[in-house]
Amino acid sequence: MENKELETQDTVMTPDVYRKTFWRTFPLQACFCFERMQNVGFAYMMIPALKKLYKNKKDISYALKRHLAIFNTTPAVVSFIAGAAIAMEEKFKKAKDKGEEVDEESINAVKAALMGPLAGIGDSFFWGTFRIIGAGIGTSLAAKGSILGAILFLLIYNVPHLIVRYFGLKIGYKSGVGFLASMNEGGMVAVLTEVAKILGLIVVGSMCASMVTITTPFVFKLNGTKIVLQDIFDGIIKGFLPLGFTFIIYALLEKGMKSTTLLWGILILGIVLSFFGIL
């Protein structure tokens with residue numbers, strides 16, 4: 001249905017261009033640099049549409065150079081911006097053919113306006129939610145020796161990511177700027193971002209309780225009464241030690257301590273405390 005719909009329109013986004021552009025979204029960060037970030041990857045993604053629009057090599061080169069401006073967003077949602085950019089390129093090409101004046105640099109202005117909000121949504125959902133949920137389920141199964149751990153991790157992250165990446169190109173091409181503007185005006189972007197953050201925090205919290213295991217066998221007597229230290233911690237909150245330890249590690253990471261240093265520190269601390277019977 002999608003191919004028939006595209007074929008019946010006078011559009012640059014033919015099924016062939018759509019397919020090529022989609023596959024070119026994957027190496028977005030292959031030439032990442034800190035000066036202009038994902039600009040080369042984005043320009044590479046625009047080549048099929050630009051070749052369809054412009055027959056003159058000089059015009060293609062000029063349009064391609066325009067897309068080498070600084071660009072950076074979450075890779076999973078980049079197809080949405082690419083679709084909007086292709087629609088604008090097509091619109092400007094038709095306007096120039098009619099002899100009308102166009103502001104071609106406004107394409108980069110739109111890209112800059114879209115990449116920030118979409119990166120916020122993409123990071124919240126894909127890096128902060130799907131990846132964490134997939135890792136939590138996957139590692140728990142992998143720890144039991146099940147190959148389903150790796151399979152489910154890949155599926156939980158990649159199925160929604162591929163759906164968004166594929167259909168985002170179509171939505172962006174048809175109504176990219178207007179679609180995002182209406183979502184912003186209605187507050188939908190803020191709501192979706194907040195929901196993703198809450199869900200991600202819930203998953204992280206459950207992972208701390210189920211995957212970080214710290215108990216103490218320390219027992220002492222007070223006035224002839226045997227007191228089990230672990231029971232005191234469990235009485236405060238179930239999983240008190242794993243939660244407290246997680247917060248300590250997080251605070252050290254926030255202060256800039258290297259993860260490798262922390263790993264060695266945890267290993268040495270665990271051996272020492274276990275040797276003295278504290279843990």
# chains A, B, ... in the order shown; residues from 1 in each chain; ligands from 1
>>> residues_around(residues="Ile156 of chain A", least_positions_apart="2", cutoff="12 Å", atoms="only C-alpha atoms", output="ChimeraX atom specification")
/A:125-127,129-138,148-154,158-163
>>> write_last_selection(atoms="N, CA and C atoms", output="PDB file, in the first residue's frame")
ATOM      1  N   PHE A 125      13.162   7.622  25.544  1.00  0.00           N
ATOM      2  CA  PHE A 125      12.530   6.345  25.237  1.00  0.00           C
ATOM      3  C   PHE A 125      13.532   5.246  24.916  1.00  0.00           C
ATOM      4  N   PHE A 126      14.473   5.538  24.028  1.00  0.00           N
ATOM      5  CA  PHE A 126      15.338   4.462  23.537  1.00  0.00           C
ATOM      6  C   PHE A 126      16.542   4.211  24.444  1.00  0.00           C
ATOM      7  N   TRP A 127      17.256   5.257  24.845  1.00  0.00           N
ATOM      8  CA  TRP A 127      18.398   5.053  25.747  1.00  0.00           C
ATOM      9  C   TRP A 127      17.942   4.857  27.191  1.00  0.00           C
ATOM     10  N   THR A 129      14.715   4.049  28.379  1.00  0.00           N
ATOM     11  CA  THR A 129      13.601   3.147  28.700  1.00  0.00           C
ATOM     12  C   THR A 129      13.768   1.772  28.058  1.00  0.00           C
ATOM     13  N   PHE A 130      13.679   1.696  26.727  1.00  0.00           N
ATOM     14  CA  PHE A 130      13.735   0.392  26.059  1.00  0.00           C
ATOM     15  C   PHE A 130      15.059  -0.324  26.306  1.00  0.00           C
ATOM     16  N   ARG A 131      16.163   0.424  26.269  1.00  0.00           N
ATOM     17  CA  ARG A 131      17.467  -0.214  26.467  1.00  0.00           C
ATOM     18  C   ARG A 131      17.594  -0.771  27.881  1.00  0.00           C
ATOM     19  N   ILE A 132      17.097  -0.003  28.861  1.00  0.00           N
ATOM     20  CA  ILE A 132      17.200  -0.436  30.258  1.00  0.00           C
ATOM     21  C   ILE A 132      16.281  -1.619  30.536  1.00  0.00           C
ATOM     22  N   ILE A 133      15.053  -1.547  30.010  1.00  0.00           N
ATOM     23  CA  ILE A 133      14.130  -2.671  30.184  1.00  0.00           C
ATOM     24  C   ILE A 133      14.701  -3.928  29.529  1.00  0.00           C
ATOM     25  N   GLY A 134      15.203  -3.775  28.310  1.00  0.00           N
ATOM     26  CA  GLY A 134      15.801  -4.914  27.619  1.00  0.00           C
ATOM     27  C   GLY A 134      16.992  -5.483  28.365  1.00  0.00           C
ATOM     28  N   ALA A 135      17.837  -4.588  28.894  1.00  0.00           N
ATOM     29  CA  ALA A 135      19.017  -5.040  29.646  1.00  0.00           C
ATOM     30  C   ALA A 135      18.616  -5.744  30.932  1.00  0.00           C
ATOM     31  N   GLY A 136      17.597  -5.210  31.601  1.00  0.00           N
ATOM     32  CA  GLY A 136      17.146  -5.822  32.847  1.00  0.00           C
ATOM     33  C   GLY A 136      16.612  -7.221  32.636  1.00  0.00           C
ATOM     34  N   ILE A 137      15.732  -7.382  31.648  1.00  0.00           N
ATOM     35  CA  ILE A 137      15.166  -8.700  31.358  1.00  0.00           C
ATOM     36  C   ILE A 137      16.235  -9.632  30.779  1.00  0.00           C
ATOM     37  N   GLY A 138      17.037  -9.085  29.862  1.00  0.00           N
ATOM     38  CA  GLY A 138      18.053  -9.907  29.203  1.00  0.00           C
ATOM     39  C   GLY A 138      19.112 -10.433  30.148  1.00  0.00           C
ATOM     40  N   LEU A 148      17.813 -16.845  25.669  1.00  0.00           N
ATOM     41  CA  LEU A 148      16.725 -15.891  25.490  1.00  0.00           C
ATOM     42  C   LEU A 148      17.091 -14.511  26.012  1.00  0.00           C
ATOM     43  N   GLY A 149      18.051 -14.466  26.934  1.00  0.00           N
ATOM     44  CA  GLY A 149      18.490 -13.186  27.475  1.00  0.00           C
ATOM     45  C   GLY A 149      18.990 -12.264  26.382  1.00  0.00           C
ATOM     46  N   ALA A 150      19.897 -12.778  25.538  1.00  0.00           N
ATOM     47  CA  ALA A 150      20.441 -11.976  24.445  1.00  0.00           C
ATOM     48  C   ALA A 150      19.382 -11.680  23.401  1.00  0.00           C
ATOM     49  N   ILE A 151      18.534 -12.678  23.098  1.00  0.00           N
ATOM     50  CA  ILE A 151      17.505 -12.504  22.070  1.00  0.00           C
ATOM     51  C   ILE A 151      16.486 -11.452  22.486  1.00  0.00           C
ATOM     52  N   LEU A 152      15.998 -11.538  23.723  1.00  0.00           N
ATOM     53  CA  LEU A 152      14.994 -10.582  24.194  1.00  0.00           C
ATOM     54  C   LEU A 152      15.559  -9.175  24.308  1.00  0.00           C
ATOM     55  N   PHE A 153      16.823  -9.067  24.718  1.00  0.00           N
ATOM     56  CA  PHE A 153      17.441  -7.737  24.786  1.00  0.00           C
ATOM     57  C   PHE A 153      17.431  -7.063  23.422  1.00  0.00           C
ATOM     58  N   LEU A 154      17.819  -7.822  22.392  1.00  0.00           N
ATOM     59  CA  LEU A 154      17.849  -7.282  21.033  1.00  0.00           C
ATOM     60  C   LEU A 154      16.448  -6.943  20.525  1.00  0.00           C
ATOM     61  N   ASN A 158      15.280  -3.236  19.654  1.00  0.00           N
ATOM     62  CA  ASN A 158      15.308  -3.007  18.202  1.00  0.00           C
ATOM     63  C   ASN A 158      13.952  -2.993  17.515  1.00  0.00           C
ATOM     64  N   VAL A 159      12.969  -3.721  18.033  1.00  0.00           N
ATOM     65  CA  VAL A 159      11.656  -3.723  17.373  1.00  0.00           C
ATOM     66  C   VAL A 159      11.036  -2.317  17.380  1.00  0.00           C
ATOM     67  N   PRO A 160      10.889  -1.664  18.553  1.00  0.00           N
ATOM     68  CA  PRO A 160      10.337  -0.287  18.511  1.00  0.00           C
ATOM     69  C   PRO A 160      11.246   0.690  17.789  1.00  0.00           C
ATOM     70  N   HIS A 161      12.564   0.484  17.908  1.00  0.00           N
ATOM     71  CA  HIS A 161      13.520   1.382  17.265  1.00  0.00           C
ATOM     72  C   HIS A 161      13.414   1.315  15.745  1.00  0.00           C
ATOM     73  N   LEU A 162      13.272   0.116  15.204  1.00  0.00           N
ATOM     74  CA  LEU A 162      13.167  -0.044  13.751  1.00  0.00           C
ATOM     75  C   LEU A 162      11.825   0.471  13.222  1.00  0.00           C
ATOM     76  N   ILE A 163      10.770   0.285  13.995  1.00  0.00           N
ATOM     77  CA  ILE A 163       9.452   0.788  13.588  1.00  0.00           C
ATOM     78  C   ILE A 163       9.470   2.313  13.504  1.00  0.00           C
TER      79      ILE A 163
END
>>> select_by_dssp(residues="segment 34-178 of chain A", states="helix (DSSP H, G or I)", output="PyMOL selection string")
chain A and resi 39-53+57-66+75-97+106-142+148-178
>>> write_last_selection(atoms="C-alpha atoms", output="compact mmCIF listing (two decimals), in the first residue's frame")
# COMPACT_ATOMS: atom_id res chain seq x y z
CA ASN A 39 26.76 16.03 9.71
CA VAL A 40 28.54 13.66 7.29
CA GLY A 41 26.14 10.84 8.12
CA PHE A 42 23.14 13.10 7.56
CA ALA A 43 24.51 14.36 4.23
CA TYR A 44 25.12 10.75 3.13
CA MET A 45 21.50 9.98 4.00
CA MET A 46 20.25 12.83 1.78
CA ILE A 47 22.12 11.72 -1.38
CA PRO A 48 19.37 9.48 -2.93
CA ALA A 49 16.75 12.25 -2.69
CA LEU A 50 19.13 14.96 -3.91
CA LYS A 51 20.12 12.86 -6.93
CA LYS A 52 16.44 12.43 -7.72
CA LEU A 53 15.79 16.18 -7.40
CA LYS A 57 26.16 17.44 -10.58
CA LYS A 58 26.98 21.00 -9.52
CA ASP A 59 23.49 21.48 -8.08
CA ILE A 60 23.75 18.18 -6.22
CA SER A 61 27.12 19.19 -4.75
CA TYR A 62 25.76 22.58 -3.69
CA ALA A 63 22.73 20.98 -1.98
CA LEU A 64 24.90 18.32 -0.36
CA LYS A 65 27.25 20.95 1.04
CA ARG A 66 24.25 22.63 2.67
CA PRO A 75 19.90 8.02 15.74
CA ALA A 76 16.57 6.22 16.18
CA VAL A 77 14.56 9.36 15.32
CA VAL A 78 16.81 10.85 12.62
CA SER A 79 14.61 9.57 9.80
CA PHE A 80 11.87 11.97 10.93
CA ILE A 81 14.18 14.96 10.40
CA ALA A 82 15.47 13.50 7.11
CA GLY A 83 11.90 13.24 5.85
CA ALA A 84 11.19 16.87 6.73
CA ALA A 85 14.47 18.00 5.09
CA ILE A 86 13.68 16.10 1.87
CA ALA A 87 10.19 17.65 1.75
CA MET A 88 11.70 21.13 2.09
CA GLU A 89 14.34 20.43 -0.56
CA GLU A 90 11.59 19.33 -2.93
CA LYS A 91 9.48 22.39 -2.13
CA PHE A 92 12.38 24.77 -2.73
CA LYS A 93 13.35 23.02 -5.97
CA LYS A 94 9.84 23.46 -7.36
CA ALA A 95 9.81 27.11 -6.24
CA LYS A 96 13.15 27.79 -7.96
CA ASP A 97 11.91 26.13 -11.14
CA SER A 106 15.99 27.75 6.35
CA ILE A 107 16.35 23.98 5.83
CA ASN A 108 19.22 23.92 8.33
CA ALA A 109 17.21 26.15 10.66
CA VAL A 110 14.38 23.60 10.63
CA LYS A 111 16.84 20.74 11.16
CA ALA A 112 18.31 22.59 14.16
CA ALA A 113 14.81 23.24 15.54
CA LEU A 114 13.79 19.59 15.20
CA MET A 115 16.94 17.82 16.38
CA GLY A 116 16.77 19.11 19.99
CA PRO A 117 13.18 18.14 20.93
CA LEU A 118 13.43 14.84 19.06
CA ALA A 119 16.72 14.02 20.78
CA GLY A 120 14.99 14.58 24.13
CA ILE A 121 12.21 12.16 23.20
CA GLY A 122 14.58 9.66 21.60
CA ASP A 123 17.02 9.63 24.51
CA SER A 124 14.20 9.23 27.04
CA PHE A 125 12.53 6.34 25.24
CA PHE A 126 15.34 4.46 23.54
CA TRP A 127 18.40 5.05 25.75
CA GLY A 128 16.52 5.58 29.01
CA THR A 129 13.60 3.15 28.70
CA PHE A 130 13.73 0.39 26.06
CA ARG A 131 17.47 -0.21 26.47
CA ILE A 132 17.20 -0.44 30.26
CA ILE A 133 14.13 -2.67 30.18
CA GLY A 134 15.80 -4.91 27.62
CA ALA A 135 19.02 -5.04 29.65
CA GLY A 136 17.15 -5.82 32.85
CA ILE A 137 15.17 -8.70 31.36
CA GLY A 138 18.05 -9.91 29.20
CA THR A 139 20.70 -10.00 31.92
CA SER A 140 18.39 -11.75 34.40
CA LEU A 141 17.76 -14.53 31.87
CA ALA A 142 21.40 -14.64 30.73
CA LEU A 148 16.73 -15.89 25.49
CA GLY A 149 18.49 -13.19 27.48
CA ALA A 150 20.44 -11.98 24.44
CA ILE A 151 17.51 -12.50 22.07
CA LEU A 152 14.99 -10.58 24.19
CA PHE A 153 17.44 -7.74 24.79
CA LEU A 154 17.85 -7.28 21.03
CA LEU A 155 14.11 -7.58 20.37
CA ILE A 156 12.93 -5.23 23.14
CA TYR A 157 15.26 -2.48 21.96
CA ASN A 158 15.31 -3.01 18.20
CA VAL A 159 11.66 -3.72 17.37
CA PRO A 160 10.34 -0.29 18.51
CA HIS A 161 13.52 1.38 17.26
CA LEU A 162 13.17 -0.04 13.75
CA ILE A 163 9.45 0.79 13.59
CA VAL A 164 10.10 4.41 14.55
CA ARG A 165 13.07 4.66 12.20
CA TYR A 166 11.10 3.28 9.24
CA PHE A 167 7.78 5.10 9.64
CA GLY A 168 9.42 8.27 10.95
CA LEU A 169 10.74 8.93 7.45
CA LYS A 170 7.22 8.87 6.01
CA ILE A 171 5.73 11.02 8.80
CA GLY A 172 8.58 13.51 8.57
CA TYR A 173 8.24 13.81 4.81
CA LYS A 174 4.48 14.34 4.90
CA SER A 175 4.09 16.59 7.93
CA GLY A 176 7.33 16.71 9.89
CA VAL A 177 7.42 20.32 11.06
CA GLY A 178 3.66 20.66 11.53
>>> atom_distance(atom1="atom CA of Phe276 of chain A", atom2="atom CA of Phe220 of chain A")
14.2 Å
>>> atom_distance(atom1="atom CA of Thr213 of chain A", atom2="atom CA of Thr260 of chain A")
20.0 Å
>>> select_by_dssp(residues="segment 205-275 of chain A", states="strand (DSSP E)", output="PyMOL selection string")
chain A and resi 219-222+225-228
>>> write_last_selection(atoms="C-alpha atoms", output="PDB file, in the first residue's frame")
ATOM      1  CA  VAL A 219      25.347 -10.650  64.386  1.00  0.00           C
ATOM      2  CA  PHE A 220      25.994  -9.086  67.786  1.00  0.00           C
ATOM      3  CA  LYS A 221      24.592  -9.485  71.280  1.00  0.00           C
ATOM      4  CA  LEU A 222      23.158  -6.682  73.382  1.00  0.00           C
ATOM      5  CA  THR A 225      19.792 -10.487  73.126  1.00  0.00           C
ATOM      6  CA  LYS A 226      20.947 -11.716  69.745  1.00  0.00           C
ATOM      7  CA  ILE A 227      20.596  -8.995  67.119  1.00  0.00           C
ATOM      8  CA  VAL A 228      20.858  -9.801  63.410  1.00  0.00           C
TER       9      VAL A 228
END
>>> atom_distance(atom1="atom CA of Asp16 of chain A", atom2="atom CA of Thr73 of chain A")
25.1 Å
>>> closest_residue(among="A:Leu252, A:Pro27, A:Glu101, A:Ser274", to="Thr216 of chain A", atoms="only C-alpha atoms")
A:Ser274
